[in-house]
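Presented below is the structure to which this report refers.
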Amino acid sequence: MLAKFVSYLLLGLVRLLTGAQARWHGCPPSCEQRIYFANHQSHVDLVMIWAALPADLRTVTRPIAARDYWTKSRFKVWLTTKVFNAVYVERMRSKDPVTGVESDPLEPLVAVLNAGDSLIIFPEGTRGHAAEPQAFKSGLYHLARQFPEVVLIPTWINNVQRVMPKGEVIPVPVLCSVTFGAPIALAADEDRHAFLARARDAVIALRDI
């Protein structure tokens, strides 16, 4: 009950501060299983996409959240798990101190997709501050190979870095938008570098729409 109340409160706050404009360009909202992949400039990015999705899609779409940042306090843990239903990811690979086996950062994402839910991911892996996204890391490629039936939706988040600049804790009102583009798919003979470059281009192409 409390989580639902806070979700409505956050939706109202996000819309008040940003306008939270959702633009569906090339694809309509759909409950089909999807991976929304977006540029990444702020910790507010996951909140923006979450708020831009219709209510029925929010219940089946799980944003990724960096474990090292979003588990720093009990409130952040509660917010990400109870309100956003986020899936935690490690930004760095680590080894089990006993077995020496290296962790797979994609394992929790694979589990979400195997369960039938959709994902919101940020292929840059970390926040960028340039006009264009950084080169995409290989995670999106591996997920596309393992789950060819999941629809890949490029997504552009505009202006959100001005709402919550790095190092700031108080948001400022700025008109923002989230643009969802036409789906792309991994071609049968497409290598990793070509696919990731094409996926990045698909996100950048939404910038001026």
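Just so we're on the same page: first chain in the structure tokens is A, next is B, and so on; residues restart at 1 for each chain, and ligands are numbered from 1 in the order they show up.
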Just the strand (DSSP E) stuff from stretch 31-115 of chain A, please, per backbone DSSP, written as a list in words. Arg34, Ile35, Tyr36, Phe37, Ala38, Thr61, Arg62, Pro63, Ile64, Ala65, Ala66, Val87, Tyr88 and Val89 of chain A
Close residues, stretch 3-9 of chain A itself excluded, 7 Å, only C-alpha atoms, min 2 positions apart in chain, as an MDAnalysis selection string: chainID A and resid 1 11:13 82:83
Within 8 Å of stretch 122-143 of chain A: each stretch 18-43 of chain A residue with its shortest pair, only C-alpha atoms, as JSON lines:
{"residue": "A:Phe37", "atom": "CA", "partner": "A:Phe122", "partner_atom": "CA", "distance": 5.6}
{"residue": "A:Ala38", "atom": "CA", "partner": "A:Phe122", "partner_atom": "CA", "distance": 5.2}
{"residue": "A:Asn39", "atom": "CA", "partner": "A:Pro133", "partner_atom": "CA", "distance": 5.8}
{"residue": "A:His40", "atom": "CA", "partner": "A:Arg127", "partner_atom": "CA", "distance": 5.0}
{"residue": "A:Gln41", "atom": "CA", "partner": "A:Arg127", "partner_atom": "CA", "distance": 4.7}
{"residue": "A:Ser42", "atom": "CA", "partner": "A:Arg127", "partner_atom": "CA", "distance": 6.2}
Could you please determine the separation between atom CA of A:Arg67 and atom CA of A:Glu90 in Å, to one decimal place? 5.8 Å
Apply DSSP to the backbone of this structure and, from stretch 42-208 of chain A, keep only the residues in alpha helix (DSSP H); write these as a VMD selection string. chain A and resid 45 to 52 55 to 58 67 to 70 74 to 78 107 to 114 139 to 146 160 to 163 192 to 204
